Each structure stands twice: as C-alpha cells, then as structure tokens.
$ cat structure38.cif   # mmCIF, C-alpha atoms and all ligand atoms
data_entry
#
loop_
_atom_site.group_PDB
_atom_site.id
_atom_site.type_symbol
_atom_site.label_atom_id
_atom_site.label_comp_id
_atom_site.auth_asym_id
_atom_site.auth_seq_id
_atom_site.Cartn_x
_atom_site.Cartn_y
_atom_site.Cartn_z
ATOM 1 C CA MET U 1 -39.110 19.704 -4.669
ATOM 2 C CA VAL U 2 -38.631 22.968 -6.531
ATOM 3 C CA PHE U 3 -40.253 24.382 -9.651
ATOM 4 C CA LEU U 4 -37.927 25.112 -12.550
ATOM 5 C CA ASN U 5 -39.079 26.187 -15.997
ATOM 6 C CA GLY U 6 -42.362 24.324 -16.003
ATOM 7 C CA ILE U 7 -41.486 21.212 -14.043
ATOM 8 C CA PHE U 8 -41.226 20.095 -10.414
ATOM 9 C CA VAL U 9 -37.815 18.538 -9.711
ATOM 10 C CA ASP U 10 -35.621 17.685 -6.730
ATOM 11 C CA LYS U 11 -33.572 20.719 -5.735
ATOM 12 C CA ASP U 12 -30.277 18.878 -6.297
ATOM 13 C CA LYS U 13 -31.346 18.145 -9.876
ATOM 14 C CA ALA U 14 -32.382 21.714 -10.683
ATOM 15 C CA PHE U 15 -29.848 23.468 -12.921
ATOM 16 C CA VAL U 16 -29.803 26.592 -15.075
ATOM 17 C CA SER U 17 -27.436 27.580 -17.858
ATOM 18 C CA VAL U 18 -24.323 29.662 -17.097
ATOM 19 C CA MET U 19 -25.640 31.938 -19.861
ATOM 20 C CA ASP U 20 -28.737 32.768 -17.824
ATOM 21 C CA ARG U 21 -28.881 36.542 -17.475
ATOM 22 C CA GLY U 22 -29.916 36.130 -13.858
ATOM 23 C CA PHE U 23 -26.553 34.469 -13.208
ATOM 24 C CA LEU U 24 -24.527 36.841 -15.405
ATOM 25 C CA PHE U 25 -26.187 40.189 -14.651
ATOM 26 C CA GLY U 26 -28.751 39.759 -11.865
ATOM 27 C CA ASP U 27 -31.214 40.494 -14.683
ATOM 28 C CA GLY U 28 -34.399 39.324 -13.004
ATOM 29 C CA VAL U 29 -37.081 40.020 -10.441
ATOM 30 C CA TYR U 30 -38.466 38.087 -7.499
ATOM 31 C CA GLU U 31 -41.137 37.762 -4.826
ATOM 32 C CA VAL U 32 -41.224 36.265 -1.333
ATOM 33 C CA ILE U 33 -44.663 35.057 -0.275
ATOM 34 C CA PRO U 34 -45.395 33.796 3.228
ATOM 35 C CA VAL U 35 -47.629 30.774 3.735
ATOM 36 C CA TYR U 36 -49.519 30.024 6.941
ATOM 37 C CA ASN U 37 -51.380 26.762 7.370
ATOM 38 C CA ARG U 38 -50.726 26.047 3.670
ATOM 39 C CA LYS U 39 -52.543 29.255 2.713
ATOM 40 C CA LEU U 40 -50.774 32.051 0.848
ATOM 41 C CA LEU U 41 -50.735 35.423 2.605
ATOM 42 C CA LYS U 42 -51.933 38.189 0.246
ATOM 43 C CA PRO U 43 -51.188 36.181 -2.953
ATOM 44 C CA ILE U 44 -52.913 38.605 -5.324
ATOM 45 C CA GLU U 45 -51.000 41.563 -3.891
ATOM 46 C CA HIS U 46 -47.713 39.674 -4.353
ATOM 47 C CA LEU U 47 -48.608 38.633 -7.911
ATOM 48 C CA ASN U 48 -49.618 42.207 -8.746
ATOM 49 C CA ARG U 49 -46.284 43.509 -7.451
ATOM 50 C CA LEU U 50 -44.508 40.804 -9.471
ATOM 51 C CA GLN U 51 -46.325 42.051 -12.567
ATOM 52 C CA LYS U 52 -45.218 45.625 -11.837
ATOM 53 C CA SER U 53 -41.589 44.519 -11.405
ATOM 54 C CA LEU U 54 -41.733 42.522 -14.659
ATOM 55 C CA ASP U 55 -43.285 45.451 -16.530
ATOM 56 C CA SER U 56 -40.601 47.807 -15.204
ATOM 57 C CA VAL U 57 -37.841 45.701 -16.757
ATOM 58 C CA SER U 58 -39.797 44.550 -19.843
ATOM 59 C CA ILE U 59 -39.898 40.836 -19.033
ATOM 60 C CA LYS U 60 -43.083 39.140 -20.176
ATOM 61 C CA ASN U 61 -45.057 37.422 -17.426
ATOM 62 C CA PRO U 62 -44.976 33.732 -18.362
ATOM 63 C CA TYR U 63 -48.207 32.853 -16.501
ATOM 64 C CA ASN U 64 -51.561 34.357 -15.678
ATOM 65 C CA GLU U 65 -52.864 34.677 -12.122
ATOM 66 C CA SER U 66 -54.658 31.308 -11.975
ATOM 67 C CA GLU U 67 -51.658 29.494 -13.492
ATOM 68 C CA TRP U 68 -49.395 31.049 -10.856
ATOM 69 C CA LEU U 69 -51.764 30.037 -8.075
ATOM 70 C CA ASP U 70 -51.940 26.439 -9.375
ATOM 71 C CA ILE U 71 -48.131 26.207 -9.428
ATOM 72 C CA LEU U 72 -47.768 27.710 -5.947
ATOM 73 C CA ILE U 73 -50.442 25.450 -4.448
ATOM 74 C CA LYS U 74 -48.778 22.375 -5.944
ATOM 75 C CA LEU U 75 -45.350 23.453 -4.695
ATOM 76 C CA MET U 76 -46.742 24.062 -1.189
ATOM 77 C CA SER U 77 -48.172 20.548 -1.132
ATOM 78 C CA TYR U 78 -44.665 19.037 -1.380
ATOM 79 C CA SER U 79 -43.502 20.740 1.827
ATOM 80 C CA VAL U 80 -43.475 18.986 5.192
ATOM 81 C CA SER U 81 -44.335 22.274 6.873
ATOM 82 C CA ASP U 82 -47.683 24.081 7.094
ATOM 83 C CA ASP U 83 -45.908 27.445 7.409
ATOM 84 C CA GLN U 84 -43.669 28.234 4.480
ATOM 85 C CA SER U 85 -41.856 31.011 2.714
ATOM 86 C CA ILE U 86 -42.058 30.851 -1.059
ATOM 87 C CA TYR U 87 -39.228 32.341 -3.085
ATOM 88 C CA LEU U 88 -40.079 32.965 -6.721
ATOM 89 C CA GLN U 89 -37.736 34.434 -9.308
ATOM 90 C CA ILE U 90 -37.997 35.188 -12.985
ATOM 91 C CA THR U 91 -34.922 36.101 -14.986
ATOM 92 C CA ARG U 92 -34.820 37.390 -18.539
ATOM 93 C CA GLY U 93 -33.501 33.987 -19.710
ATOM 94 C CA SER U 94 -30.384 32.683 -21.484
ATOM 95 C CA ASP U 95 -28.687 34.108 -24.534
ATOM 96 C CA THR U 96 -25.791 32.569 -26.493
ATOM 97 C CA LYS U 97 -23.347 35.407 -25.721
ATOM 98 C CA ARG U 98 -22.760 37.656 -22.718
ATOM 99 C CA VAL U 99 -23.933 40.995 -24.027
ATOM 100 C CA HIS U 100 -25.513 43.729 -21.925
ATOM 101 C CA THR U 101 -28.293 44.371 -24.426
ATOM 102 C CA TYR U 102 -31.041 41.818 -24.724
ATOM 103 C CA LYS U 103 -33.365 40.375 -27.295
ATOM 104 C CA ASP U 104 -36.582 38.458 -26.886
ATOM 105 C CA LEU U 105 -35.641 35.511 -24.651
ATOM 106 C CA LYS U 106 -37.569 32.793 -22.845
ATOM 107 C CA PRO U 107 -37.680 33.844 -19.156
ATOM 108 C CA SER U 108 -36.316 31.358 -16.594
ATOM 109 C CA ILE U 109 -38.619 30.661 -13.683
ATOM 110 C CA TYR U 110 -37.446 29.242 -10.397
ATOM 111 C CA ILE U 111 -39.571 28.733 -7.266
ATOM 112 C CA GLU U 112 -38.679 27.098 -3.987
ATOM 113 C CA SER U 113 -40.490 26.765 -0.709
ATOM 114 C CA ASN U 114 -38.704 26.916 2.625
ATOM 115 C CA ILE U 115 -39.951 26.283 6.134
ATOM 116 C CA LEU U 116 -41.094 29.575 7.667
ATOM 117 C CA LYS U 117 -39.794 29.812 11.216
ATOM 118 C CA THR U 118 -42.114 32.253 12.916
ATOM 119 C CA ARG U 119 -40.967 34.011 16.074
ATOM 120 C CA THR U 120 -43.086 33.695 19.166
ATOM 121 C CA LYS U 121 -44.830 36.736 20.615
ATOM 122 C CA LYS U 122 -42.576 36.410 23.665
ATOM 123 C CA GLU U 123 -39.436 36.502 21.534
ATOM 124 C CA VAL U 124 -40.566 39.469 19.428
ATOM 125 C CA SER U 125 -41.690 41.417 22.478
ATOM 126 C CA LYS U 126 -38.100 41.631 23.718
ATOM 127 C CA GLY U 127 -37.268 44.042 20.887
ATOM 128 C CA TYR U 128 -34.349 44.087 18.472
ATOM 129 C CA SER U 129 -31.408 46.294 17.576
ATOM 130 C CA ALA U 130 -30.614 48.009 14.287
ATOM 131 C CA ILE U 131 -27.722 49.916 12.798
ATOM 132 C CA THR U 132 -28.003 52.866 10.415
ATOM 133 C CA MET U 133 -26.187 53.009 7.092
ATOM 134 C CA LYS U 134 -26.027 55.319 4.116
ATOM 135 C CA ASP U 135 -28.406 54.256 1.329
ATOM 136 C CA ILE U 136 -26.280 54.175 -1.810
ATOM 137 C CA ARG U 137 -28.757 52.212 -3.932
ATOM 138 C CA TRP U 138 -30.167 53.294 -7.274
ATOM 139 C CA ASP U 139 -33.400 55.184 -7.841
ATOM 140 C CA ARG U 140 -35.546 52.180 -8.851
ATOM 141 C CA CYS U 141 -35.874 50.511 -5.451
ATOM 142 C CA ASN U 142 -39.577 49.891 -6.150
ATOM 143 C CA ILE U 143 -38.513 47.099 -8.541
ATOM 144 C CA LYS U 144 -38.070 43.859 -6.605
ATOM 145 C CA SER U 145 -34.915 43.039 -8.509
ATOM 146 C CA THR U 146 -32.623 40.075 -7.903
ATOM 147 C CA SER U 147 -29.683 42.530 -8.220
ATOM 148 C CA LEU U 148 -29.264 42.821 -4.463
ATOM 149 C CA LEU U 149 -25.566 43.542 -4.004
ATOM 150 C CA ALA U 150 -26.076 46.671 -1.876
ATOM 151 C CA ASN U 151 -28.782 44.982 0.227
ATOM 152 C CA ILE U 152 -26.507 41.983 0.786
ATOM 153 C CA LEU U 153 -23.662 44.205 2.015
ATOM 154 C CA TYR U 154 -26.027 46.033 4.380
ATOM 155 C CA SER U 155 -27.414 42.770 5.792
ATOM 156 C CA GLN U 156 -23.906 41.468 6.337
ATOM 157 C CA GLU U 157 -22.923 44.642 8.232
ATOM 158 C CA ALA U 158 -26.026 44.222 10.414
ATOM 159 C CA LYS U 159 -25.103 40.599 11.060
ATOM 160 C CA LYS U 160 -21.536 41.603 12.020
ATOM 161 C CA ALA U 161 -22.977 44.140 14.477
ATOM 162 C CA ASN U 162 -25.339 41.492 15.887
ATOM 163 C CA ALA U 163 -28.246 43.643 14.744
ATOM 164 C CA GLU U 164 -31.590 42.593 13.277
ATOM 165 C CA GLU U 165 -31.500 45.120 10.459
ATOM 166 C CA ALA U 166 -29.596 47.933 8.768
ATOM 167 C CA ILE U 167 -31.819 51.005 8.512
ATOM 168 C CA LEU U 168 -30.903 53.122 5.493
ATOM 169 C CA HIS U 169 -30.782 56.887 5.012
ATOM 170 C CA LYS U 170 -30.320 58.905 1.843
ATOM 171 C CA ASN U 171 -29.663 62.665 1.929
ATOM 172 C CA ASN U 172 -30.410 62.551 5.659
ATOM 173 C CA VAL U 173 -33.819 60.904 5.075
ATOM 174 C CA ILE U 174 -34.763 57.433 6.388
ATOM 175 C CA THR U 175 -35.760 55.277 3.393
ATOM 176 C CA GLU U 176 -36.169 51.625 4.458
ATOM 177 C CA GLY U 177 -34.269 48.650 5.851
ATOM 178 C CA SER U 178 -31.933 46.367 3.869
ATOM 179 C CA THR U 179 -34.784 43.836 3.595
ATOM 180 C CA SER U 180 -37.713 45.591 5.271
ATOM 181 C CA ASN U 181 -39.791 48.760 5.519
ATOM 182 C CA VAL U 182 -39.304 51.131 8.449
ATOM 183 C CA PHE U 183 -41.858 52.953 10.628
ATOM 184 C CA LEU U 184 -41.328 55.670 13.232
ATOM 185 C CA ILE U 185 -43.822 56.663 15.905
ATOM 186 C CA LYS U 186 -43.673 60.156 17.331
ATOM 187 C CA ASN U 187 -46.333 61.609 19.637
ATOM 188 C CA GLY U 188 -48.808 58.909 18.586
ATOM 189 C CA VAL U 189 -48.345 59.494 14.831
ATOM 190 C CA LEU U 190 -46.950 56.786 12.560
ATOM 191 C CA PHE U 191 -44.494 57.965 9.888
ATOM 192 C CA THR U 192 -43.115 55.902 7.009
ATOM 193 C CA HIS U 193 -41.341 56.832 3.787
ATOM 194 C CA PRO U 194 -43.877 57.306 0.972
ATOM 195 C CA ALA U 195 -44.087 54.639 -1.746
ATOM 196 C CA GLY U 196 -42.137 55.494 -4.892
ATOM 197 C CA SER U 197 -38.743 54.814 -6.402
ATOM 198 C CA LYS U 198 -36.777 55.173 -3.128
ATOM 199 C CA ILE U 199 -38.271 52.095 -1.397
ATOM 200 C CA LEU U 200 -39.771 48.716 -2.084
ATOM 201 C CA SER U 201 -43.362 49.176 -1.080
ATOM 202 C CA GLY U 202 -43.893 46.087 1.077
ATOM 203 C CA ILE U 203 -47.025 43.984 1.176
ATOM 204 C CA THR U 204 -46.520 43.823 4.954
ATOM 205 C CA ARG U 205 -46.117 47.635 4.948
ATOM 206 C CA GLU U 206 -49.665 47.895 3.569
ATOM 207 C CA MET U 207 -50.866 45.562 6.338
ATOM 208 C CA VAL U 208 -49.142 47.730 8.959
ATOM 209 C CA LEU U 209 -50.777 50.882 7.596
ATOM 210 C CA GLU U 210 -54.224 49.226 7.490
ATOM 211 C CA SER U 211 -53.846 47.838 11.031
ATOM 212 C CA ALA U 212 -52.628 51.190 12.356
ATOM 213 C CA LYS U 213 -55.599 53.031 10.829
ATOM 214 C CA SER U 214 -57.998 50.399 12.169
ATOM 215 C CA ILE U 215 -56.854 51.156 15.717
ATOM 216 C CA ASN U 216 -57.028 54.916 15.130
ATOM 217 C CA ILE U 217 -53.319 55.649 14.851
ATOM 218 C CA ILE U 218 -52.708 58.693 12.632
ATOM 219 C CA VAL U 219 -50.703 57.523 9.609
ATOM 220 C CA LYS U 220 -48.438 59.861 7.658
ATOM 221 C CA GLU U 221 -46.615 58.536 4.613
ATOM 222 C CA GLU U 222 -43.921 61.170 5.018
ATOM 223 C CA ALA U 223 -40.169 60.840 5.146
ATOM 224 C CA CYS U 224 -38.358 61.335 8.469
ATOM 225 C CA ASN U 225 -34.859 62.672 9.001
ATOM 226 C CA LEU U 226 -32.064 60.501 10.305
ATOM 227 C CA ASP U 227 -32.023 62.412 13.613
ATOM 228 C CA ASP U 228 -35.715 61.594 14.174
ATOM 229 C CA ILE U 229 -34.912 57.914 14.553
ATOM 230 C CA TYR U 230 -32.953 58.536 17.771
ATOM 231 C CA ASP U 231 -35.591 60.886 19.062
ATOM 232 C CA CYS U 232 -38.910 59.131 18.512
ATOM 233 C CA ASP U 233 -41.080 56.895 20.682
ATOM 234 C CA GLU U 234 -41.065 53.684 18.656
ATOM 235 C CA VAL U 235 -39.406 52.203 15.571
ATOM 236 C CA TRP U 236 -40.702 49.106 13.764
ATOM 237 C CA ILE U 237 -39.646 47.199 10.688
ATOM 238 C CA SER U 238 -41.837 44.947 8.540
ATOM 239 C CA SER U 239 -41.348 42.218 5.955
ATOM 240 C CA SER U 240 -43.059 39.090 4.708
ATOM 241 C CA THR U 241 -40.720 36.735 6.516
ATOM 242 C CA ARG U 242 -40.370 38.716 9.757
ATOM 243 C CA GLY U 243 -43.817 40.207 10.178
ATOM 244 C CA ILE U 244 -43.750 43.386 12.285
ATOM 245 C CA ILE U 245 -40.718 43.707 14.537
ATOM 246 C CA PRO U 246 -40.081 46.386 17.189
ATOM 247 C CA ILE U 247 -36.634 47.999 17.234
ATOM 248 C CA THR U 248 -35.530 49.102 20.678
ATOM 249 C CA LYS U 249 -31.868 49.927 20.084
ATOM 250 C CA ILE U 250 -30.369 51.930 17.229
ATOM 251 C CA ASP U 251 -26.606 52.366 16.854
ATOM 252 C CA ASP U 252 -26.069 51.634 20.570
ATOM 253 C CA LYS U 253 -28.731 54.126 21.642
ATOM 254 C CA LEU U 254 -31.720 52.734 23.496
ATOM 255 C CA LEU U 255 -35.207 53.784 22.414
ATOM 256 C CA ASN U 256 -37.883 54.124 25.064
ATOM 257 C CA ASN U 257 -35.379 52.704 27.603
ATOM 258 C CA GLY U 258 -35.202 49.532 25.526
ATOM 259 C CA VAL U 259 -38.858 48.671 26.107
ATOM 260 C CA VAL U 260 -41.159 47.880 23.153
ATOM 261 C CA GLY U 261 -43.830 50.498 22.561
ATOM 262 C CA LYS U 262 -47.550 50.147 23.200
ATOM 263 C CA LEU U 263 -48.613 51.173 19.695
ATOM 264 C CA TRP U 264 -46.489 48.368 18.257
ATOM 265 C CA LYS U 265 -48.371 45.934 20.524
ATOM 266 C CA GLY U 266 -51.729 47.079 19.090
ATOM 267 C CA VAL U 267 -50.662 46.790 15.444
ATOM 268 C CA TYR U 268 -48.869 43.499 16.048
ATOM 269 C CA GLU U 269 -51.995 42.024 17.704
ATOM 270 C CA ASP U 270 -54.089 43.043 14.695
ATOM 271 C CA TYR U 271 -51.525 41.419 12.373
ATOM 272 C CA LEU U 272 -51.560 38.227 14.496
ATOM 273 C CA GLN U 273 -55.365 38.135 14.230
ATOM 274 C CA TYR U 274 -55.036 38.186 10.438
ATOM 275 C CA ILE U 275 -52.569 35.275 10.532
ATOM 276 C CA LYS U 276 -54.863 33.448 12.973
ATOM 277 C CA LEU U 277 -57.682 33.635 10.405
ATOM 278 C CA LEU U 278 -55.457 31.824 7.903
ATOM 279 C CA LYS U 279 -54.634 29.287 10.589
ATOM 280 C CA SER U 280 -58.258 28.511 11.364
HETATM 281 N N1 LIG U 301 -37.668 41.479 1.375
HETATM 282 N N2 LIG U 301 -37.867 46.548 1.418
HETATM 283 C C1 LIG U 301 -36.930 45.696 0.976
HETATM 284 C C2 LIG U 301 -35.652 46.259 0.447
HETATM 285 C C3 LIG U 301 -37.154 44.311 1.026
HETATM 286 O O1 LIG U 301 -36.227 43.469 0.565
HETATM 287 C C4 LIG U 301 -38.370 43.824 1.575
HETATM 288 C C5 LIG U 301 -38.692 42.364 1.655
HETATM 289 C C6 LIG U 301 -39.328 44.758 2.032
HETATM 290 C C7 LIG U 301 -40.647 44.329 2.608
HETATM 291 O O2 LIG U 301 -41.521 43.835 1.618
HETATM 292 P P1 LIG U 301 -42.633 42.747 1.974
HETATM 293 O O3 LIG U 301 -43.376 43.260 3.141
HETATM 294 O O4 LIG U 301 -43.462 42.690 0.747
HETATM 295 O O5 LIG U 301 -41.934 41.456 2.277
HETATM 296 C C8 LIG U 301 -39.052 46.110 1.929
HETATM 297 C C9 LIG U 301 -37.918 40.052 1.258
HETATM 298 C C10 LIG U 301 -38.628 39.444 2.407
HETATM 299 C C11 LIG U 301 -36.648 39.373 0.873
HETATM 300 O O6 LIG U 301 -35.891 39.959 0.109
HETATM 301 O O7 LIG U 301 -36.398 38.236 1.287
#

$ encode --input "structure38.cif" --output "structure tokens"
Amino acid sequence: MVFLNGIFVDKDKAFVSVMDRGFLFGDGVYEVIPVYNRKLLKPIEHLNRLQKSLDSVSIKNPYNESEWLDILIKLMSYSVSDDQSIYLQITRGSDTKRVHTYKDLKPSIYIESNILKTRTKKEVSKGYSAITMKDIRWDRCNIKSTSLLANILYSQEAKKANAEEAILHKNNVITEGSTSNVFLIKNGVLFTHPAGSKILSGITREMVLESAKSINIIVKEEACNLDDIYDCDEVWISSSTRGIIPITKIDDKLLNNGVVGKLWKGVYEDYLQYIKLLKS
C-alpha cells in the first residue's frame, strides 16, 4: 500500500499525471523517515524540515502535524516489517501546460514505506570506503529537493568504484556526501561542515552532534579542507537510512590503517541506545 493524494492504494495502481511538475521539472521536496519497531525516529524534526523545504519553494503544506502523523502511522501499519523507511514527497502539482512559471496548484503527495534493512554492528565495524568528487551542486542544498540529478551521478560513481559514498568538496572544502553528512575527527575534535545553504542539515547529523557532546567529544561545526580528509584520525558519514557509518578508505588511501576509530564506536553505541529505546 502507498499513499497518493489522500488515499491508500496498491502501488501498482498509483499513478500521477504526466503534467505533474515533479515529473516534468523535479519541482518538489521530500523526506526520508526511518521507523524502528513501528515507531518513527525523530518525526517532528523531519516534519519541521519538510516545512522548511516547502517554505523555501513556496509550496503550501497540505497537512498539519497531527494529520501527517495519522497518515504515517496508518501507512506503517500496512507494512509486514517493524523496521521501515518512509519516503514522502510533495510536488507543486499538475498544470495544463509545461511552463517553467507556476500558478497556485494542488500539490501532489506521494508516500511509500519500504523495509529498512539495518546493518549489524559486526558489519558496520568493518568500515567502508569512499571516493571524493567535486561538488558542483547549486547553493540551496539545504532544501531537500527531489531535483537530485547531481546526487544521482555522484552515487552512481561511488557504486562503480565499489564505494559506500562519494564525499564532495567545493572550493577545496569538504561539504557532505551524495546522500549523507560527513564528519572528520582530528586529535579528538569532531569537525563537520556548518549548516547552511551548502549542505542538507541531516536529522542524523544532529543526533551525531548530540551523542558526541554527551561523551565529551569537542564538536566544531567548521569546514575542513579536502587535504584534511586524508590526514585525519577518523571519518564518518550519517544518514537516516544508514545511521552512522565509519569510513576507513578514501580514494584508495587507508585511514588509521583501515581500522575503525574508537570515537566512532562511542558515538555509534550512543546512537544504538537511542534506537534500542524505540525497540523496547
Ligand atoms: N538522504 N545530505 C544529503 C545530500 C542527503 O541526501 C541526506 C539524506 C543527508 C542526511 O540527512 P538525514 O540524516 O536527515 O537522513 C545529508 C536521504 C536518506 C535520501 O535521500 O534517501
């Protein structure tokens, strides 16, 4: 079952018009919300970010917070899995002609829930590799827009290189990953690009920063240079669907001799405790 424009229907019966501006222009925004034990992780934070994205592109939010929660809870109940990943998108809607400018349209809403395959601690603890690529995206990366062409190309390059992620750099500064936020640890200090128009400020990123502070890691929301990534103690990435992942190889160079760092272990444990609370 999926949710489309006010009703729950089978996915193979869910259709939108070819005139939908999401289809024609990528004119829409989205959210990805993880679900553990049929409980939404940080739902209010995700709905607040959705509101910000909608406001940034002048699309009216079709529902209030409690209406959204009712819809999400009902959608979750159709799934066979207790752990899910909810994908929610709102496009500006359909017009009668393909014109770049828009008028007041009825937004199209689509939500689906997929099974969330979580990685075991053992798997994650082996570490992952990443490649670096030039960040050629626009200066509104804080909008969680469905226009993801650059991100798609980056992810595909990472896949071709058998890497977990493409880490992006703009003007020699590390911004974020193609679908994640990036953290560097140097001499016990955690660095991550500050929130703003250059990155999507992740909900998991906030969890990482809170966890790090709770175990007395010094947190600096400061940009790092590209060179720093080859010469630091630990690199992590975070996202709703992947959690917090340690990167142990970047562009064929091993970090920390390919062994995951001890600060990652502390933050990851704290994150797991949070998930455990939802599971109990
Ligand atoms: N992506 N930066 C980018 C460019 C992202 O696409 C994502 C998440 C993040 C992390 O945000 P969060 O912690 O809120 O998931 C950062 C999702 C998972 C996606 O596009 O599927």

$ closest_residue --input "structure38.cif" --among "U:Arg242, U:Lys265, U:Lys13, U:Lys279" --to "ligand LIG 301 (chain U)" --atoms "all atoms listed in the file"
U:Arg242

$ resolve_selection --input "structure38.cif" --expression "the PyMOL selection byres (((not hetatm)) within 8 of (chain U and resi 301))" --output "PyMOL selection string"
chain U and resi 31-33+46+87+141+144+151+176-181+199-206+238-243

$ write_last_selection --input "structure38.cif" --atoms "C-alpha atoms" --output "mmCIF file, in the coordinates of the input"
data_model
loop_
_atom_site.group_PDB
_atom_site.id
_atom_site.type_symbol
_atom_site.label_atom_id
_atom_site.label_comp_id
_atom_site.auth_asym_id
_atom_site.auth_seq_id
_atom_site.Cartn_x
_atom_site.Cartn_y
_atom_site.Cartn_z
ATOM 1 C CA GLU U 31 -41.137 37.762 -4.826
ATOM 2 C CA VAL U 32 -41.224 36.265 -1.333
ATOM 3 C CA ILE U 33 -44.663 35.057 -0.275
ATOM 4 C CA HIS U 46 -47.713 39.674 -4.353
ATOM 5 C CA TYR U 87 -39.228 32.341 -3.085
ATOM 6 C CA CYS U 141 -35.874 50.511 -5.451
ATOM 7 C CA LYS U 144 -38.070 43.859 -6.605
ATOM 8 C CA ASN U 151 -28.782 44.982 0.227
ATOM 9 C CA GLU U 176 -36.169 51.625 4.458
ATOM 10 C CA GLY U 177 -34.269 48.650 5.851
ATOM 11 C CA SER U 178 -31.933 46.367 3.869
ATOM 12 C CA THR U 179 -34.784 43.836 3.595
ATOM 13 C CA SER U 180 -37.713 45.591 5.271
ATOM 14 C CA ASN U 181 -39.791 48.760 5.519
ATOM 15 C CA ILE U 199 -38.271 52.095 -1.397
ATOM 16 C CA LEU U 200 -39.771 48.716 -2.084
ATOM 17 C CA SER U 201 -43.362 49.176 -1.080
ATOM 18 C CA GLY U 202 -43.893 46.087 1.077
ATOM 19 C CA ILE U 203 -47.025 43.984 1.176
ATOM 20 C CA THR U 204 -46.520 43.823 4.954
ATOM 21 C CA ARG U 205 -46.117 47.635 4.948
ATOM 22 C CA GLU U 206 -49.665 47.895 3.569
ATOM 23 C CA SER U 238 -41.837 44.947 8.540
ATOM 24 C CA SER U 239 -41.348 42.218 5.955
ATOM 25 C CA SER U 240 -43.059 39.090 4.708
ATOM 26 C CA THR U 241 -40.720 36.735 6.516
ATOM 27 C CA ARG U 242 -40.370 38.716 9.757
ATOM 28 C CA GLY U 243 -43.817 40.207 10.178
#

$ atom_distance --input "structure38.cif" --atom1 "CA of Met1 in chain U" --atom2 "CA of Lys117 in chain U"
18.8 Å

$ resolve_selection --input "structure38.cif" --expression "the PyMOL selection byres (((chain U and resi 165) around 12) and not hetatm)" --output "JSON, numbers by chain"
{"U": [127, 128, 129, 130, 131, 132, 133, 151, 152, 153, 154, 155, 156, 157, 158, 159, 160, 161, 162, 163, 164, 166, 167, 168, 176, 177, 178, 179, 180, 181, 182, 235, 236, 237, 238, 239, 242, 245, 246, 247, 248, 249, 250, 251]}

$ atom_distance --input "structure38.cif" --atom1 "CA of Asp252 in chain U" --atom2 "CA of Tyr230 in chain U"
10.1 Å

$ atom_distance --input "structure38.cif" --atom1 "CA of Val29 in chain U" --atom2 "CA of Lys42 in chain U"
18.4 Å

$ resolve_selection --input "structure38.cif" --expression "the PyMOL selection byres (((chain U and resi 135-139) around 8) and not hetatm)" --output "PDB file with C-alpha atoms, in the frame of the given file"
ATOM      1  CA  MET U 133     -26.187  53.009   7.092  1.00  0.00           C
ATOM      2  CA  LYS U 134     -26.027  55.319   4.116  1.00  0.00           C
ATOM      3  CA  ARG U 140     -35.546  52.180  -8.851  1.00  0.00           C
ATOM      4  CA  CYS U 141     -35.874  50.511  -5.451  1.00  0.00           C
ATOM      5  CA  ALA U 150     -26.076  46.671  -1.876  1.00  0.00           C
ATOM      6  CA  LEU U 168     -30.903  53.122   5.493  1.00  0.00           C
ATOM      7  CA  HIS U 169     -30.782  56.887   5.012  1.00  0.00           C
ATOM      8  CA  LYS U 170     -30.320  58.905   1.843  1.00  0.00           C
ATOM      9  CA  THR U 175     -35.760  55.277   3.393  1.00  0.00           C
ATOM     10  CA  SER U 197     -38.743  54.814  -6.402  1.00  0.00           C
ATOM     11  CA  LYS U 198     -36.777  55.173  -3.128  1.00  0.00           C
TER      12      LYS U 198
END

$ closest_residue --input "structure38.cif" --among "U:Lys52, U:Lys220, U:Lys39, U:Arg21" --to "Arg98 in chain U" --atoms "only C-alpha atoms"
U:Arg21

$ closest_residue --input "structure38.cif" --among "U:Ser145, U:Asn187, U:Ser17, U:Gly93" --to "Asp55 in chain U" --atoms "all atoms listed in the file"
U:Ser145

$ closest_residue --input "structure38.cif" --among "U:Glu45, U:Glu269, U:Glu222, U:Glu123" --to "Thr192 in chain U" --atoms "all atoms listed in the file"
U:Glu222
